[in-house]
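Asks: Here it is, the structure in full.
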Amino acid sequence: MPLPYYVSPEQMMQDKAEYAKKGIAKGRSIIAMEYADGVLLVADNPSASLYKISEIYDSIAFSGAGRYSEFENLRKAGIRHADLKGFMYSREDVTARSLANGYSQSLGTIFGQELKPLEVEILVTQVGEQGRPNEMYRISFDGSIFDERGFAAIGGRAEALLVFLKERYKGEPPTLKAALSLCMAALESVTNQKLPIEGLEVAALDRTRAGRKFLRIPPAESRQILA
């Protein structure tokens with residue numbers, strides 16, 4: 001006879017998944033979108049000091065949704081991994097794919113072995129250079145990894161954002177102005193309110209820049225782009 005406190009593995013995994021999804025649903029959303037010169041990242045983030053979008057390496061960016069302290073630890077671990085690999089081998093060996101695989105293994109191990117899963121969903125993006133395509137990898141709380149094309153969304157209202165973007169993102173990658181306008185419209189559609197430009201965190205991986213491709217776009221510059 002099973003013990004009174006026995007829980008089947010299937011039920012335990014289901015409970016963990018529901019717990020993680022509830023935590024992620026509380027977080028604000030982030031959109032990554034390919035545009036003509038690279039990849040644009042826009043987050044609904046009213047905080048001016050706590051970043052949800054950051055640089056990992058020369059042409060690689062990281063963004064996280066969910067519990068801030070948990071995806072911040074993942075970001076720092078990714079930076080250490082990239083720096084060490086680039087130092088030991090070469091800078092070209094540091095890729096979004098290898099980082100995404102590492103994050104996938106870490107999140108999968110924690111989800112399967114720890115009592116409490118991480119309440120995070122992360123996005124690793126890399127801008128393509130010399131004719132190579134851009135790369136966007138979405139990694140879920142259980143270690144599942146998804147190779148995205150065109151655009152990707154993570155966070156509480158990601159599914160609604162994807163429905164909105166699928167109807168409007170078509171054909172060739174848009175200009176930076178059109179991409180930023182579309183991202184803002186998508187975020188406003190799920191929040192049902194007009195978002196001030198100061199309440200958005202905007203960054204880009206721009207292949208036209210020499211050296212490091214990551215740049216933050218402050219509110220004043222965002223306004224200028226949209227004008």
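In the structure tokens, chains take letters A, B, ... by order of appearance, with residues numbered from 1 within each chain and ligands from 1 in the order shown.
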Among the residues of segment 47-174 of chain A, find those DSSP assigns to strand (DSSP E or B) from the backbone and print them as a PDB file with N, CA and C atoms, in the first residue's frame.

Replies:
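Result saved to out-v1.pdb:
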ATOM      1  N   ILE A  53      17.316  43.509 -19.358  1.00  0.00           N
ATOM      2  CA  ILE A  53      18.048  43.230 -20.595  1.00  0.00           C
ATOM      3  C   ILE A  53      19.496  43.629 -20.373  1.00  0.00           C
ATOM      4  N   SER A  54      20.418  42.730 -20.683  1.00  0.00           N
ATOM      5  CA  SER A  54      21.831  43.007 -20.428  1.00  0.00           C
ATOM      6  C   SER A  54      22.702  42.365 -21.495  1.00  0.00           C
ATOM      7  N   GLU A  55      23.940  42.828 -21.542  1.00  0.00           N
ATOM      8  CA  GLU A  55      24.922  42.269 -22.453  1.00  0.00           C
ATOM      9  C   GLU A  55      25.610  41.077 -21.800  1.00  0.00           C
ATOM     10  N   ILE A  56      25.786  39.998 -22.557  1.00  0.00           N
ATOM     11  CA  ILE A  56      26.531  38.842 -22.087  1.00  0.00           C
ATOM     12  C   ILE A  56      27.936  38.838 -22.690  1.00  0.00           C
ATOM     13  N   TYR A  57      28.012  39.112 -23.984  1.00  0.00           N
ATOM     14  CA  TYR A  57      29.297  39.109 -24.678  1.00  0.00           C
ATOM     15  C   TYR A  57      29.215  40.087 -25.849  1.00  0.00           C
ATOM     16  N   ILE A  60      26.123  39.208 -27.986  1.00  0.00           N
ATOM     17  CA  ILE A  60      25.107  38.374 -27.342  1.00  0.00           C
ATOM     18  C   ILE A  60      24.438  39.153 -26.218  1.00  0.00           C
ATOM     19  N   ALA A  61      23.105  39.079 -26.157  1.00  0.00           N
ATOM     20  CA  ALA A  61      22.335  39.739 -25.109  1.00  0.00           C
ATOM     21  C   ALA A  61      21.505  38.711 -24.347  1.00  0.00           C
ATOM     22  N   PHE A  62      21.196  39.060 -23.098  1.00  0.00           N
ATOM     23  CA  PHE A  62      20.419  38.212 -22.202  1.00  0.00           C
ATOM     24  C   PHE A  62      19.236  39.017 -21.687  1.00  0.00           C
ATOM     25  N   SER A  63      18.082  38.395 -21.624  1.00  0.00           N
ATOM     26  CA  SER A  63      16.931  39.025 -20.985  1.00  0.00           C
ATOM     27  C   SER A  63      16.175  37.972 -20.190  1.00  0.00           C
ATOM     28  N   GLY A  64      15.627  38.394 -19.054  1.00  0.00           N
ATOM     29  CA  GLY A  64      14.954  37.451 -18.177  1.00  0.00           C
ATOM     30  C   GLY A  64      13.647  38.001 -17.649  1.00  0.00           C
ATOM     31  N   ALA A  65      12.682  37.108 -17.463  1.00  0.00           N
ATOM     32  CA  ALA A  65      11.386  37.466 -16.900  1.00  0.00           C
ATOM     33  C   ALA A  65      11.095  36.530 -15.736  1.00  0.00           C
ATOM     34  N   GLY A  66      10.381  37.048 -14.745  1.00  0.00           N
ATOM     35  CA  GLY A  66      10.069  36.244 -13.575  1.00  0.00           C
ATOM     36  C   GLY A  66      10.705  36.830 -12.328  1.00  0.00           C
ATOM     37  N   VAL A 120      11.620  31.491 -13.599  1.00  0.00           N
ATOM     38  CA  VAL A 120      12.227  32.355 -14.613  1.00  0.00           C
ATOM     39  C   VAL A 120      11.971  31.806 -16.013  1.00  0.00           C
ATOM     40  N   GLU A 121      12.019  32.726 -16.951  1.00  0.00           N
ATOM     41  CA  GLU A 121      12.026  32.400 -18.375  1.00  0.00           C
ATOM     42  C   GLU A 121      13.041  33.344 -18.996  1.00  0.00           C
ATOM     43  N   ILE A 122      13.977  32.824 -19.778  1.00  0.00           N
ATOM     44  CA  ILE A 122      15.057  33.681 -20.271  1.00  0.00           C
ATOM     45  C   ILE A 122      15.153  33.612 -21.792  1.00  0.00           C
ATOM     46  N   LEU A 123      15.800  34.630 -22.335  1.00  0.00           N
ATOM     47  CA  LEU A 123      15.963  34.756 -23.778  1.00  0.00           C
ATOM     48  C   LEU A 123      17.417  35.124 -24.055  1.00  0.00           C
ATOM     49  N   VAL A 124      18.077  34.328 -24.896  1.00  0.00           N
ATOM     50  CA  VAL A 124      19.458  34.594 -25.294  1.00  0.00           C
ATOM     51  C   VAL A 124      19.458  34.898 -26.786  1.00  0.00           C
ATOM     52  N   THR A 125      19.974  36.074 -27.153  1.00  0.00           N
ATOM     53  CA  THR A 125      19.958  36.496 -28.555  1.00  0.00           C
ATOM     54  C   THR A 125      21.363  36.852 -29.019  1.00  0.00           C
ATOM     55  N   GLN A 126      21.620  36.619 -30.291  1.00  0.00           N
ATOM     56  CA  GLN A 126      22.902  36.970 -30.893  1.00  0.00           C
ATOM     57  C   GLN A 126      22.662  37.544 -32.275  1.00  0.00           C
ATOM     58  N   GLU A 135      20.253  34.879 -34.103  1.00  0.00           N
ATOM     59  CA  GLU A 135      19.832  33.720 -33.315  1.00  0.00           C
ATOM     60  C   GLU A 135      19.071  34.193 -32.083  1.00  0.00           C
ATOM     61  N   MET A 136      17.954  33.534 -31.806  1.00  0.00           N
ATOM     62  CA  MET A 136      17.151  33.826 -30.616  1.00  0.00           C
ATOM     63  C   MET A 136      16.706  32.505 -29.998  1.00  0.00           C
ATOM     64  N   TYR A 137      17.085  32.309 -28.744  1.00  0.00           N
ATOM     65  CA  TYR A 137      16.741  31.075 -28.038  1.00  0.00           C
ATOM     66  C   TYR A 137      15.963  31.423 -26.775  1.00  0.00           C
ATOM     67  N   ARG A 138      14.793  30.832 -26.649  1.00  0.00           N
ATOM     68  CA  ARG A 138      13.972  31.009 -25.458  1.00  0.00           C
ATOM     69  C   ARG A 138      14.094  29.756 -24.596  1.00  0.00           C
ATOM     70  N   ILE A 139      14.451  29.941 -23.333  1.00  0.00           N
ATOM     71  CA  ILE A 139      14.638  28.810 -22.421  1.00  0.00           C
ATOM     72  C   ILE A 139      13.614  28.910 -21.301  1.00  0.00           C
ATOM     73  N   ILE A 145      14.123  24.325 -24.505  1.00  0.00           N
ATOM     74  CA  ILE A 145      14.762  25.365 -25.311  1.00  0.00           C
ATOM     75  C   ILE A 145      14.061  25.456 -26.664  1.00  0.00           C
ATOM     76  N   PHE A 146      13.805  26.689 -27.105  1.00  0.00           N
ATOM     77  CA  PHE A 146      13.065  26.926 -28.350  1.00  0.00           C
ATOM     78  C   PHE A 146      13.869  27.888 -29.219  1.00  0.00           C
ATOM     79  N   ASP A 147      14.057  27.521 -30.465  1.00  0.00           N
ATOM     80  CA  ASP A 147      14.766  28.344 -31.433  1.00  0.00           C
ATOM     81  C   ASP A 147      13.737  29.226 -32.143  1.00  0.00           C
ATOM     82  N   GLU A 148      13.772  30.532 -31.871  1.00  0.00           N
ATOM     83  CA  GLU A 148      12.765  31.452 -32.398  1.00  0.00           C
ATOM     84  C   GLU A 148      13.266  32.145 -33.661  1.00  0.00           C
ATOM     85  N   PHE A 151      10.694  37.001 -34.173  1.00  0.00           N
ATOM     86  CA  PHE A 151      10.410  37.652 -32.900  1.00  0.00           C
ATOM     87  C   PHE A 151      10.202  36.584 -31.829  1.00  0.00           C
ATOM     88  N   ALA A 152      10.300  37.004 -30.573  1.00  0.00           N
ATOM     89  CA  ALA A 152      10.079  36.119 -29.445  1.00  0.00           C
ATOM     90  C   ALA A 152       9.566  36.958 -28.285  1.00  0.00           C
ATOM     91  N   ALA A 153       8.845  36.330 -27.366  1.00  0.00           N
ATOM     92  CA  ALA A 153       8.315  37.027 -26.198  1.00  0.00           C
ATOM     93  C   ALA A 153       8.397  36.115 -24.988  1.00  0.00           C
ATOM     94  N   ILE A 154       8.727  36.698 -23.853  1.00  0.00           N
ATOM     95  CA  ILE A 154       8.749  35.964 -22.587  1.00  0.00           C
ATOM     96  C   ILE A 154       8.046  36.805 -21.532  1.00  0.00           C
TER      97      ILE A 154
END

Asks: May I have the residues within 10 Å of segment 179-184 of chain A as JSON, numbers by chain, using only C-alpha atoms and disregarding those fewer than 2 positions away in the same chain?

Replies: {"A": [30, 31, 32, 33, 34, 35, 36, 39, 40, 41, 42, 43, 44, 151, 161, 164, 165, 168, 169, 173, 174, 175, 176, 177, 186, 187, 188, 189, 194, 195, 196, 197, 200, 202, 222, 225, 226]}

Asks: Between atom CA of Tyr51 of chain A and atom CA of Glu201 of chain A, measure the distance and give it in Å to one decimal.

Replies: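 Atom CA of Glu201 of chain A lies 7.6 Å from atom CA of Tyr51 of chain A.
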
Asks: Counting only C-alpha atoms, what is within 9 Å of segment 16-21 of chain A, bar same-chain residues fewer than 4 positions away, as a ChimeraX atom specification?

Replies: /A:11-12,25-26,66,111,115-120,141-142,156

Asks: Name the residues in contact with Asp37 of chain A at a cut-off of 7 Å, using only C-alpha atoms, excluding same-chain residues fewer than 2 positions from it; report them as a ChimeraX atom specification.

Replies: /A:35,206-208

Asks: Take the selection from the previous step and output its residues with C-alpha atoms, as a CSV table (one decimal), in the first residue's frame.

Replies:
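Saved the output as selection.csv:
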chain,number,residue,atom,x,y,z
A,35,TYR,CA,15.0,44.4,-37.5
A,206,ASP,CA,23.4,46.5,-33.9
A,207,ARG,CA,25.6,44.7,-36.4
A,208,THR,CA,26.6,48.0,-38.0
